[in-house]
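Note: the block below is my_file_34.csv and it holds CSV, C-alpha atoms and all ligand atoms.
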```csv
chain,number,residue,atom,x,y,z
A,1,MET,CA,110.0,70.1,108.1
A,2,LYS,CA,112.1,72.8,109.7
A,3,ALA,CA,109.0,74.8,110.6
A,4,ARG,CA,107.5,71.7,112.3
A,5,ILE,CA,110.6,70.9,114.2
A,6,LEU,CA,110.8,74.5,115.4
A,7,THR,CA,107.1,74.4,116.5
A,8,ILE,CA,107.8,71.3,118.6
A,9,LEU,CA,110.9,72.8,120.2
A,10,ARG,CA,109.0,76.1,120.8
A,11,ASP,CA,106.0,74.3,122.4
A,12,ASN,CA,108.3,72.6,124.9
A,13,GLU,CA,110.6,74.6,127.1
A,14,ASP,CA,112.4,71.4,128.2
A,15,VAL,CA,114.5,69.1,126.3
A,16,VAL,CA,112.6,67.1,123.6
A,17,SER,CA,114.1,63.7,122.7
A,18,GLY,CA,115.0,62.9,119.1
A,19,GLU,CA,112.8,59.9,119.3
A,20,ASP,CA,109.7,62.0,120.3
A,21,ILE,CA,110.4,64.3,117.4
A,22,SER,CA,110.9,61.5,114.9
A,23,THR,CA,107.7,59.7,116.0
A,24,HIS,CA,105.7,62.9,115.9
A,25,LEU,CA,106.9,63.8,112.4
A,26,GLY,CA,107.2,60.3,111.0
A,27,ILE,CA,110.9,60.7,110.0
A,28,SER,CA,114.0,58.9,111.2
A,29,ARG,CA,116.1,60.1,114.1
A,30,VAL,CA,119.0,60.7,111.6
A,31,ALA,CA,116.7,62.9,109.5
A,32,VAL,CA,115.8,64.8,112.7
A,33,TRP,CA,119.4,65.3,113.5
A,34,LYS,CA,120.2,66.5,110.0
A,35,HIS,CA,117.5,69.1,110.2
A,36,ILE,CA,118.7,70.2,113.6
A,37,GLN,CA,122.2,70.6,112.3
A,38,LYS,CA,120.9,72.7,109.4
A,39,LEU,CA,118.9,74.9,111.8
A,40,GLN,CA,122.0,75.3,114.0
A,41,SER,CA,124.0,76.4,111.0
A,42,LEU,CA,121.4,79.0,110.2
A,43,GLY,CA,121.8,80.6,113.6
A,44,TYR,CA,119.2,78.7,115.8
A,45,GLY,CA,120.7,78.1,119.3
A,46,ILE,CA,119.6,74.5,119.7
A,47,GLN,CA,121.4,72.6,122.5
A,48,SER,CA,121.8,68.9,121.8
A,49,SER,CA,122.5,66.5,124.6
A,50,ALA,CA,122.1,62.7,125.3
A,51,LYS,CA,118.5,63.5,126.3
A,52,GLY,CA,117.6,65.4,123.1
A,53,TYR,CA,117.2,68.9,121.9
A,54,GLN,CA,116.3,72.2,123.4
A,55,LEU,CA,115.8,75.5,121.6
A,56,GLN,CA,117.6,78.4,123.4
A,57,SER,CA,117.5,81.2,120.9
A,58,SER,CA,116.4,82.0,117.4
A,59,PRO,CA,117.9,84.4,114.9
A,60,ASP,CA,115.8,87.4,113.8
A,61,THR,CA,116.1,86.3,110.2
A,62,PRO,CA,112.9,86.3,108.1
A,63,PHE,CA,113.1,82.7,106.9
A,64,SER,CA,109.9,81.6,105.2
A,65,TRP,CA,109.1,79.1,108.0
A,66,GLU,CA,108.9,81.9,110.5
A,67,PHE,CA,105.6,82.9,108.8
A,68,PRO,CA,103.7,79.6,109.1
A,69,GLN,CA,100.5,81.0,107.7
A,70,ARG,CA,102.1,82.3,104.5
A,71,MET,CA,105.3,80.2,104.3
A,72,ASP,CA,104.9,79.3,100.6
A,73,ARG,CA,104.7,83.0,99.7
A,74,ILE,CA,107.7,84.3,101.5
A,75,HIS,CA,111.0,84.1,99.7
A,76,TYR,CA,114.0,84.9,101.8
A,77,VAL,CA,117.4,85.5,100.2
A,78,GLU,CA,120.5,86.4,102.2
A,79,ARG,CA,122.0,88.7,99.7
A,80,VAL,CA,120.6,90.2,96.5
A,81,ALA,CA,121.1,93.1,94.1
A,82,SER,CA,117.5,94.4,94.7
A,83,THR,CA,114.4,92.7,95.8
A,84,MET,CA,112.5,94.8,93.2
A,85,ASP,CA,114.2,92.8,90.3
A,86,ILE,CA,113.3,89.4,91.7
A,87,ALA,CA,109.7,90.4,92.5
A,88,ARG,CA,109.2,91.9,89.1
A,89,ASP,CA,110.2,88.6,87.5
A,90,MET,CA,108.0,86.6,89.9
A,91,ALA,CA,105.0,88.9,89.3
A,92,ARG,CA,105.4,88.7,85.5
A,93,LYS,CA,105.5,84.9,85.8
A,94,GLY,CA,102.2,84.9,87.7
A,95,ALA,CA,103.3,84.8,91.4
A,96,PRO,CA,100.1,85.1,93.6
A,97,GLY,CA,99.2,88.3,95.4
A,98,PHE,CA,101.1,88.9,98.7
A,99,SER,CA,104.1,87.0,97.6
A,100,VAL,CA,107.1,88.6,99.2
A,101,VAL,CA,110.8,88.7,98.4
A,102,VAL,CA,112.8,89.6,101.5
A,103,ALA,CA,116.6,90.1,101.7
A,104,GLY,CA,119.2,90.2,104.4
A,105,VAL,CA,121.4,92.6,102.4
A,106,GLN,CA,120.9,94.4,99.1
A,107,GLU,CA,123.9,95.3,97.1
A,108,ASN,CA,122.1,97.6,94.7
A,109,GLY,CA,119.1,98.7,96.7
A,110,ARG,CA,117.0,101.4,94.8
A,111,GLY,CA,115.3,104.4,96.2
A,112,ARG,CA,112.8,106.8,94.7
A,113,LEU,CA,113.9,109.3,92.1
A,114,LYS,CA,116.8,107.0,91.1
A,115,ARG,CA,118.5,107.3,94.4
A,116,VAL,CA,120.5,104.5,96.1
A,117,TRP,CA,118.9,102.8,99.1
A,118,GLN,CA,121.7,101.6,101.4
A,119,SER,CA,120.8,98.2,102.6
A,120,PRO,CA,123.3,96.8,105.1
A,121,GLU,CA,122.6,93.9,107.6
A,122,GLY,CA,120.1,94.6,110.3
A,123,GLY,CA,117.5,96.5,108.2
A,124,LEU,CA,114.4,95.0,106.7
A,125,TYR,CA,114.2,95.0,102.9
A,126,PHE,CA,111.3,93.5,101.0
A,127,THR,CA,109.1,93.7,97.9
A,128,MET,CA,105.6,92.5,98.0
A,129,VAL,CA,103.5,91.6,95.0
A,130,VAL,CA,100.0,93.1,95.2
A,131,ARG,CA,97.2,92.2,92.8
A,132,PRO,CA,94.4,94.6,93.5
A,133,ASP,CA,91.2,94.6,91.5
A,134,LEU,CA,91.6,98.3,90.6
A,135,PRO,CA,92.0,100.6,87.6
A,136,PRO,CA,95.5,102.0,87.4
A,137,MET,CA,94.2,105.5,88.3
A,138,LEU,CA,93.3,104.2,91.8
A,139,SER,CA,96.6,102.4,92.3
A,140,PRO,CA,98.2,105.1,94.5
A,141,ARG,CA,95.6,104.3,97.2
A,142,VAL,CA,97.3,100.9,97.6
A,143,ASN,CA,100.7,102.6,98.3
A,144,PHE,CA,99.1,105.0,100.8
A,145,ALA,CA,97.4,102.0,102.5
A,146,ALA,CA,100.7,100.2,102.7
A,147,SER,CA,102.5,103.1,104.2
A,148,LEU,CA,99.8,103.7,106.8
A,149,ILE,CA,99.5,100.1,107.8
A,150,LEU,CA,103.3,99.8,108.0
A,151,ALA,CA,103.3,102.9,110.3
A,152,ARG,CA,100.7,101.3,112.6
A,153,ALA,CA,102.6,97.9,112.6
A,154,ILE,CA,105.9,99.6,113.6
A,155,GLU,CA,104.1,101.6,116.3
A,156,SER,CA,102.6,98.5,117.8
A,157,VAL,CA,105.7,96.2,117.5
A,158,CYS,CA,108.4,98.8,118.5
A,159,ASN,CA,106.3,101.1,120.8
A,160,ILE,CA,107.4,104.2,119.0
A,161,GLU,CA,105.3,107.0,117.5
A,162,VAL,CA,105.4,106.9,113.7
A,163,ARG,CA,104.0,109.5,111.2
A,164,VAL,CA,103.7,109.2,107.4
A,165,LYS,CA,105.3,111.8,105.2
A,166,TRP,CA,104.0,112.5,101.7
A,167,PRO,CA,104.1,110.5,99.6
A,168,ASN,CA,105.1,107.2,101.4
A,169,ASP,CA,107.9,107.8,103.9
A,170,LEU,CA,107.7,106.9,107.5
A,171,LEU,CA,109.1,109.3,110.1
A,172,ALA,CA,109.7,109.0,113.8
A,173,GLY,CA,110.0,112.6,115.0
A,174,GLU,CA,111.6,114.2,111.9
A,175,LYS,CA,113.9,111.1,111.3
A,176,LYS,CA,113.1,108.9,108.2
A,177,ILE,CA,113.0,105.3,109.4
A,178,ALA,CA,111.5,103.8,106.2
A,179,GLY,CA,110.9,104.4,102.6
A,180,MET,CA,108.8,102.9,99.8
A,181,LEU,CA,109.2,102.4,96.1
A,182,SER,CA,106.4,101.0,94.0
A,183,GLU,CA,106.2,99.7,90.4
A,184,MET,CA,103.0,99.0,88.6
A,185,GLU,CA,102.1,97.1,85.5
A,186,ALA,CA,98.6,97.2,84.0
A,187,GLU,CA,96.7,95.3,81.3
A,188,GLY,CA,94.1,97.4,79.7
A,189,ASP,CA,91.8,98.9,82.4
A,190,LEU,CA,93.1,96.8,85.3
A,191,VAL,CA,96.2,96.7,87.3
A,192,SER,CA,98.0,93.5,86.8
A,193,PHE,CA,100.3,94.0,89.7
A,194,ILE,CA,101.8,96.6,92.0
A,195,ASN,CA,105.1,95.7,93.5
A,196,ILE,CA,105.7,97.6,96.7
A,197,GLY,CA,109.3,97.7,97.9
A,198,ILE,CA,109.9,98.7,101.5
A,199,GLY,CA,113.1,99.5,103.2
A,200,ILE,CA,113.0,99.9,107.0
A,201,ASN,CA,116.0,101.0,109.1
A,202,VAL,CA,115.4,98.6,112.0
A,203,ASN,CA,118.7,97.5,113.7
A,204,ASN,CA,121.1,98.9,111.2
A,205,ALA,CA,123.0,102.2,111.3
A,206,PRO,CA,122.0,104.3,108.3
A,207,PRO,CA,125.1,106.1,106.8
A,208,SER,CA,125.7,109.5,108.3
A,209,ASP,CA,125.7,111.2,104.8
A,210,VAL,CA,122.0,110.2,104.3
A,211,GLY,CA,120.3,113.4,105.5
A,212,ASN,CA,117.7,112.8,108.2
A,213,ALA,CA,117.7,109.0,108.2
A,214,ALA,CA,117.8,107.0,111.5
A,215,SER,CA,117.1,103.5,112.5
A,216,ILE,CA,114.5,102.4,115.0
A,217,ARG,CA,117.3,101.0,117.2
A,218,GLN,CA,119.1,104.3,117.2
A,219,LEU,CA,115.9,106.1,118.3
A,220,THR,CA,114.9,103.6,121.0
A,221,GLY,CA,118.2,102.3,122.1
A,222,ARG,CA,117.3,98.6,121.6
A,223,ASP,CA,116.9,95.9,119.0
A,224,HIS,CA,113.6,95.1,117.4
A,225,SER,CA,112.2,92.0,115.7
A,226,ARG,CA,112.2,92.3,112.0
A,227,ILE,CA,110.1,89.1,111.9
A,228,ASP,CA,107.4,90.7,114.1
A,229,ILE,CA,107.3,93.9,112.0
A,230,LEU,CA,107.0,92.0,108.7
A,231,SER,CA,104.5,89.5,110.1
A,232,GLN,CA,102.2,92.2,111.6
A,233,PHE,CA,102.4,94.4,108.5
A,234,LEU,CA,101.6,91.5,106.1
A,235,ASP,CA,98.7,90.2,108.2
A,236,GLN,CA,97.1,93.6,108.5
A,237,PHE,CA,97.8,94.7,105.0
A,238,GLU,CA,96.4,91.5,103.5
A,239,GLU,CA,93.4,91.7,105.7
A,240,ARG,CA,92.7,95.3,104.7
A,241,MET,CA,93.1,94.5,101.0
A,242,SER,CA,91.0,91.4,101.1
A,243,THR,CA,88.1,92.6,103.3
A,244,GLY,CA,88.2,96.3,103.7
A,245,SER,CA,87.5,99.1,101.2
A,246,LEU,CA,90.2,101.6,100.3
A,247,ASP,CA,87.6,104.4,100.0
A,248,SER,CA,88.5,106.0,103.3
A,249,ILE,CA,92.3,105.3,103.1
A,250,MET,CA,93.3,108.9,102.3
A,251,LEU,CA,91.3,110.2,105.3
A,252,GLU,CA,92.9,107.7,107.6
A,253,TRP,CA,96.3,108.5,106.1
A,254,LYS,CA,95.8,112.2,106.7
A,255,GLU,CA,95.1,111.5,110.4
A,256,GLN,CA,98.6,110.0,110.7
A,257,THR,CA,100.6,112.4,108.5
A,258,ALA,CA,103.2,114.9,109.6
A,259,THR,CA,103.2,116.7,106.2
A,260,ILE,CA,99.9,118.7,106.0
A,261,GLY,CA,100.4,122.2,107.4
A,262,LYS,CA,104.2,122.0,107.1
A,263,LYS,CA,106.5,124.3,105.1
A,264,VAL,CA,108.0,121.9,102.5
A,265,ILE,CA,110.4,121.7,99.6
A,266,ILE,CA,109.2,119.6,96.8
A,267,GLU,CA,111.7,118.1,94.3
A,268,THR,CA,110.4,116.7,91.1
A,269,THR,CA,112.1,115.8,87.8
A,270,ARG,CA,111.1,119.3,86.7
A,271,GLY,CA,112.8,121.2,89.6
A,272,THR,CA,112.3,122.4,93.1
A,273,THR,CA,109.4,124.3,94.6
A,274,ARG,CA,109.0,125.7,98.1
A,275,GLY,CA,105.7,126.2,99.8
A,276,THR,CA,103.2,125.0,102.4
A,277,ALA,CA,101.5,121.5,102.1
A,278,LYS,CA,97.8,122.3,102.3
A,279,ASP,CA,96.2,119.0,101.7
A,280,VAL,CA,96.4,115.6,100.0
A,281,ASP,CA,93.5,114.8,97.6
A,282,ASP,CA,91.6,111.5,97.1
A,283,ASN,CA,94.1,110.3,94.6
A,284,GLY,CA,97.1,111.0,96.8
A,285,ALA,CA,98.3,114.2,95.1
A,286,LEU,CA,99.8,116.9,97.3
A,287,ILE,CA,98.1,120.3,97.3
A,288,LEU,CA,100.8,122.8,97.6
A,289,GLU,CA,100.5,126.6,98.2
A,290,THR,CA,103.8,127.9,96.8
A,291,ASP,CA,105.8,130.7,98.5
A,292,THR,CA,104.7,132.8,95.5
A,293,GLY,CA,101.0,132.2,96.4
A,294,GLU,CA,100.1,129.7,93.6
A,295,CYS,CA,98.1,126.6,94.3
A,296,ARG,CA,99.7,123.5,92.7
A,297,THR,CA,98.7,119.8,92.6
A,298,ILE,CA,101.8,117.6,92.8
A,299,ILE,CA,101.4,114.1,91.6
A,300,TYR,CA,104.9,112.7,91.9
A,301,GLY,CA,108.0,114.0,93.7
A,302,ASP,CA,109.9,114.0,96.9
A,303,CYS,CA,109.0,116.1,99.9
A,304,PHE,CA,111.3,117.6,102.5
A,305,HIS,CA,109.8,119.2,105.6
A,306,GLN,CA,111.6,122.5,106.0
A,307,ASN,CA,112.6,121.8,109.6
A,308,GLU,CA,114.4,118.5,108.6
B,1,LIG,C1,112.9,105.7,99.1
B,1,LIG,O1,112.5,106.2,100.2
B,1,LIG,O2,113.6,106.3,98.3
B,1,LIG,C2,112.4,104.3,98.8
B,1,LIG,C3,113.2,103.3,99.3
B,1,LIG,C4,112.8,101.9,99.0
B,1,LIG,C5,113.8,100.8,99.4
B,1,LIG,C6,113.2,99.4,99.2
B,1,LIG,S1,114.3,98.2,100.1
B,1,LIG,C7,113.4,96.9,99.3
B,1,LIG,C8,113.1,97.4,97.9
B,1,LIG,N1,114.2,97.0,97.1
B,1,LIG,C9,114.8,98.1,96.6
B,1,LIG,O3,115.8,98.1,95.8
B,1,LIG,N2,114.2,99.2,97.0
B,1,LIG,C10,113.1,98.9,97.8
```
Can you dump the structure from the file as structure tokens?
Amino acid sequence: MKARILTILRDNEDVVSGEDISTHLGISRVAVWKHIQKLQSLGYGIQSSAKGYQLQSSPDTPFSWEFPQRMDRIHYVERVASTMDIARDMARKGAPGFSVVVAGVQENGRGRLKRVWQSPEGGLYFTMVVRPDLPPMLSPRVNFAASLILARAIESVCNIEVRVKWPNDLLAGEKKIAGMLSEMEAEGDLVSFINIGIGINVNNAPPSDVGNAASIRQLTGRDHSRIDILSQFLDQFEERMSTGSLDSIMLEWKEQTATIGKKVIIETTRGTTRGTAKDVDDNGALILETDTGECRTIIYGDCFHQNE
């Protein structure tokens, strides 16, 4: 009902009477008034007068009704430990593909390699359940598709140049604006779900002790719409997963990467290696020429560009 009331208010720049809304939606004027009060308490600037209601501003909060085409698959929570935990439960209980848990704040946000992901207000933090029809071996392609499509979505919404860094970070210049964490479960030869968790520094200020992190607001000097970023990303990612093949995804990713050709430091659970990133193979592994001249294929790890 809130979505429908917002649509009516957004379609009319002028004041809309409570009676018109109630007739249109087939609910009483008191019910309309209660929904309006709820929307106001959630941050919608709705002016109410004797003549009716007028929408003056909307909060940039990713409430489910802000995504009318996928409302039943968006689960917004104001505050949570980590969206990864909720999404894992949901996926195990059979939530459909492209279900999304999105949080205003995470109190225990997780990064890759057991790091903490600071998640204060203003950032965009979500985990999406993906159910690709793929063998586990090909699952990295889904992550690479997600990071590439996210980079394109941010470029188009925020008008900023974004590059992907191996394996799945997003950079603007050499500043990290987003990171991705993924968890996969498989049954036999098929992936049962991949949960892709994405944290984007949109309008927050990343803590100064987090190396090369920056927010899009810090880089552009203005606020950006988290709703628009999420909506564009989900539409384009779902479209690609449903209709497009992922066969060319690594080629496309390589066109948008800042990693290949760079001097890099690779951290894995087995230690640190320095070298030059030569290529990324079809499975998403990094081909590294070490400073001692060896060629190594790195399947999992973290990568720091040496000019960071
Ligand atoms: C990284 O670069 O280390 C990955 C960061 C991933 C952070 C996101 S925020 C949403 C989701 N929930 C989490 O706890 N982590 C991921």
Please write out the residues within 7 Å of ligand LIG 1 (chain B) as a PDB file with C-alpha atoms, in the coordinates of the input, counting only C-alpha atoms and all ligand atoms.
```pdb
ATOM      1  CA  SER A  82     117.500  94.400  94.700  1.00  0.00           C
ATOM      2  CA  THR A  83     114.400  92.700  95.800  1.00  0.00           C
ATOM      3  CA  MET A  84     112.500  94.800  93.200  1.00  0.00           C
ATOM      4  CA  ASN A 108     122.100  97.600  94.700  1.00  0.00           C
ATOM      5  CA  GLY A 109     119.100  98.700  96.700  1.00  0.00           C
ATOM      6  CA  ARG A 110     117.000 101.400  94.800  1.00  0.00           C
ATOM      7  CA  GLY A 111     115.300 104.400  96.200  1.00  0.00           C
ATOM      8  CA  ARG A 112     112.800 106.800  94.700  1.00  0.00           C
ATOM      9  CA  LEU A 113     113.900 109.300  92.100  1.00  0.00           C
ATOM     10  CA  ARG A 115     118.500 107.300  94.400  1.00  0.00           C
ATOM     11  CA  TRP A 117     118.900 102.800  99.100  1.00  0.00           C
ATOM     12  CA  SER A 119     120.800  98.200 102.600  1.00  0.00           C
ATOM     13  CA  TYR A 125     114.200  95.000 102.900  1.00  0.00           C
ATOM     14  CA  PHE A 126     111.300  93.500 101.000  1.00  0.00           C
ATOM     15  CA  THR A 127     109.100  93.700  97.900  1.00  0.00           C
ATOM     16  CA  ASP A 169     107.900 107.800 103.900  1.00  0.00           C
ATOM     17  CA  ALA A 178     111.500 103.800 106.200  1.00  0.00           C
ATOM     18  CA  GLY A 179     110.900 104.400 102.600  1.00  0.00           C
ATOM     19  CA  MET A 180     108.800 102.900  99.800  1.00  0.00           C
ATOM     20  CA  LEU A 181     109.200 102.400  96.100  1.00  0.00           C
ATOM     21  CA  GLY A 197     109.300  97.700  97.900  1.00  0.00           C
ATOM     22  CA  ILE A 198     109.900  98.700 101.500  1.00  0.00           C
ATOM     23  CA  GLY A 199     113.100  99.500 103.200  1.00  0.00           C
TER      24      GLY A 199
END
```
Residue with smallest distance to Tyr76 of chain A - pool A:Gly18, A:Gly104, A:Gly122, A:Pro136, counting all atoms listed in the file: A:Gly104
Counting only C-alpha atoms, the option among A:Leu39, A:Val142, A:Val101, A:Leu9 closest to Ser242 of chain A: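 Among A:Leu39, A:Val142, A:Val101, A:Leu9, it is A:Val142 that comes nearest to Ser242 of chain A.
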Pairwise distance for atom CA of Ile86 of chain A and atom CA of Met184 of chain A, rounded to one decimal in Å: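 Atom-to-atom, atom CA of Ile86 of chain A to atom CA of Met184 of chain A, that is 14.4 Å.
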Residue contacts of Pro167 of chain A (8 Å, only C-alpha atoms) excluding same-chain residues fewer than 5 positions away, as a ChimeraX atom specification: /A:144,284,301-303
Just to be explicit: take each residue in the selection above, keep C-alpha atoms, and write the result as a compact mmCIF listing (two decimals), keeping the file's coordinate frame.
```txt
# COMPACT_ATOMS: atom_id res chain seq x y z
CA PHE A 144 99.10 105.00 100.80
CA GLY A 284 97.10 111.00 96.80
CA GLY A 301 108.00 114.00 93.70
CA ASP A 302 109.90 114.00 96.90
CA CYS A 303 109.00 116.10 99.90
```
Separation of atom CA of Pro132 of chain A from atom CA of Ile194 of chain A, in Å and rounded to one decimal: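 Spanning atom CA of Pro132 of chain A to atom CA of Ile194 of chain A is a straight-line distance of 7.8 Å.
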Just the residues within 9 Å of Arg79 of chain A, please, counting all atoms listed in the file, with nothing from its chain fewer than 6 positions along; format it as a PDB file with C-alpha atoms, in the coordinates of the input.
```pdb
ATOM      1  CA  ALA A 103     116.600  90.100 101.700  1.00  0.00           C
ATOM      2  CA  GLY A 104     119.200  90.200 104.400  1.00  0.00           C
ATOM      3  CA  VAL A 105     121.400  92.600 102.400  1.00  0.00           C
ATOM      4  CA  GLN A 106     120.900  94.400  99.100  1.00  0.00           C
ATOM      5  CA  GLU A 107     123.900  95.300  97.100  1.00  0.00           C
TER       6      GLU A 107
END
```
Protein, DNA and RNA residues within 12 Å of (89.6, 115.0, 95.6), all atoms listed in the file, as a list in words: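 Residues with an atom close enough to that point: Asp247, Ser248, Met250, Leu251, Asp279, Val280, Asp281, Asp282, Asn283, Gly284, Ala285, Leu286, Ile287 and Thr297 of chain A.
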From A:Leu171, A:Ala153, A:Leu246, A:Met137, residue lying nearest Gly188 of chain A [all atoms listed in the file]: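 So, comparing all the options, the nearest one is A:Met137.
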Test item: residues at most 10 Å from Ile216 of chain A, all atoms listed in the file, excluding those fewer than 5 positions along its chain, as a ChimeraX atom specification: /A:123,154,158,160,172,175-178,200-205,221-224
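You will find atom CA of Ser192 of chain A at 15.2 Å from atom CA of Arg141 of chain A.
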Skip Arg73 of chain A itself and residues of its chain fewer than 5 positions away, then list as a short mmCIF file (atom, residue, chain, number, x, y, z; two decimals) with C-alpha atoms, keeping the file's coordinate frame all residues within 8 Å of it, counting only C-alpha atoms.
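Written file, part_2.cif:
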```cif
data_model
loop_
_atom_site.label_atom_id
_atom_site.label_comp_id
_atom_site.auth_asym_id
_atom_site.auth_seq_id
_atom_site.Cartn_x
_atom_site.Cartn_y
_atom_site.Cartn_z
CA SER A 64 109.90 81.60 105.20
CA PRO A 96 100.10 85.10 93.60
CA PHE A 98 101.10 88.90 98.70
CA SER A 99 104.10 87.00 97.60
CA VAL A 100 107.10 88.60 99.20
#
```
Proximity to Lys93 of chain A - best of A:Phe193, A:Leu138, A:Thr220, A:Gln118, all atoms listed in the file: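 The shortest atom-to-atom distance to Lys93 of chain A comes from A:Phe193.
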Selected residue, from A:Asn159, A:Ala213, A:Ser231, A:Glu289, that lies nearest to Met71 of chain A when counting all atoms listed in the file: A:Ser231
Radius query 10 Å about (102.4, 120.7, 110.3), atoms used: only C-alpha atoms, as a list in words: Thr257, Ala258, Thr259, Ile260, Gly261, Lys262, Lys263, Val264, Thr276, Ala277, Lys278 and His305 of chain A
If you count all atoms listed in the file, which residues fall within 7 Å of Thr61 of chain A, apart from same-chain ones fewer than 2 positions away, as an mmCIF file with C-alpha atoms, keeping the file's coordinate frame?
```cif
data_model
loop_
_atom_site.group_PDB
_atom_site.id
_atom_site.type_symbol
_atom_site.label_atom_id
_atom_site.label_comp_id
_atom_site.auth_asym_id
_atom_site.auth_seq_id
_atom_site.Cartn_x
_atom_site.Cartn_y
_atom_site.Cartn_z
ATOM 1 C CA PRO A 59 117.900 84.400 114.900
ATOM 2 C CA PHE A 63 113.100 82.700 106.900
ATOM 3 C CA ILE A 227 110.100 89.100 111.900
#
```
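Minimum atom-to-atom distance to Thr269 of chain A, evaluated using all atoms listed in the file, belongs to A:Ile298 out of A:Leu6, A:Ala214, A:Ile298, A:Leu148.
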Repair of segment 216-221 of chain A at the level of all heavy atoms, as an mmCIF file, in the frame of the given file:
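Wrote it out as part.cif, contents follow:
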```cif
data_model
loop_
_atom_site.group_PDB
_atom_site.id
_atom_site.type_symbol
_atom_site.label_atom_id
_atom_site.label_comp_id
_atom_site.auth_asym_id
_atom_site.auth_seq_id
_atom_site.Cartn_x
_atom_site.Cartn_y
_atom_site.Cartn_z
ATOM 1 N N ILE A 216 115.363 102.493 113.839
ATOM 2 C CA ILE A 216 114.500 102.400 115.000
ATOM 3 C C ILE A 216 115.387 102.079 116.242
ATOM 4 O O ILE A 216 115.162 102.578 117.333
ATOM 5 C CB ILE A 216 113.406 101.329 114.816
ATOM 6 C CG1 ILE A 216 112.626 101.629 113.517
ATOM 7 C CG2 ILE A 216 112.445 101.309 115.991
ATOM 8 C CD1 ILE A 216 111.602 100.571 113.133
ATOM 9 N N ARG A 217 116.413 101.267 116.036
ATOM 10 C CA ARG A 217 117.300 101.000 117.200
ATOM 11 C C ARG A 217 118.001 102.226 117.675
ATOM 12 O O ARG A 217 118.088 102.451 118.873
ATOM 13 C CB ARG A 217 118.376 99.940 116.743
ATOM 14 C CG ARG A 217 119.358 99.712 117.892
ATOM 15 C CD ARG A 217 120.318 98.585 117.678
ATOM 16 N NE ARG A 217 121.228 98.827 116.580
ATOM 17 C CZ ARG A 217 122.085 97.916 116.143
ATOM 18 N NH1 ARG A 217 122.102 96.714 116.677
ATOM 19 N NH2 ARG A 217 122.889 98.182 115.157
ATOM 20 N N GLN A 218 118.455 103.084 116.732
ATOM 21 C CA GLN A 218 119.100 104.300 117.200
ATOM 22 C C GLN A 218 118.164 105.179 118.003
ATOM 23 O O GLN A 218 118.563 105.847 118.947
ATOM 24 C CB GLN A 218 119.624 105.112 115.974
ATOM 25 C CG GLN A 218 120.839 104.488 115.299
ATOM 26 C CD GLN A 218 121.209 105.191 114.001
ATOM 27 O OE1 GLN A 218 120.341 105.706 113.288
ATOM 28 N NE2 GLN A 218 122.496 105.206 113.693
ATOM 29 N N LEU A 219 116.889 105.174 117.607
ATOM 30 C CA LEU A 219 115.900 106.100 118.300
ATOM 31 C C LEU A 219 115.449 105.503 119.616
ATOM 32 O O LEU A 219 115.050 106.260 120.494
ATOM 33 C CB LEU A 219 114.734 106.337 117.363
ATOM 34 C CG LEU A 219 115.078 107.074 116.058
ATOM 35 C CD1 LEU A 219 113.873 107.133 115.134
ATOM 36 C CD2 LEU A 219 115.576 108.484 116.358
ATOM 37 N N THR A 220 115.440 104.164 119.736
ATOM 38 C CA THR A 220 114.900 103.600 121.000
ATOM 39 C C THR A 220 115.931 102.978 121.866
ATOM 40 O O THR A 220 115.642 102.608 123.009
ATOM 41 C CB THR A 220 113.878 102.444 120.614
ATOM 42 O OG1 THR A 220 114.603 101.442 119.878
ATOM 43 C CG2 THR A 220 112.718 102.939 119.781
ATOM 44 N N GLY A 221 117.153 102.829 121.321
ATOM 45 C CA GLY A 221 118.200 102.300 122.100
ATOM 46 C C GLY A 221 118.167 100.772 122.323
ATOM 47 O O GLY A 221 118.822 100.228 123.217
#
```
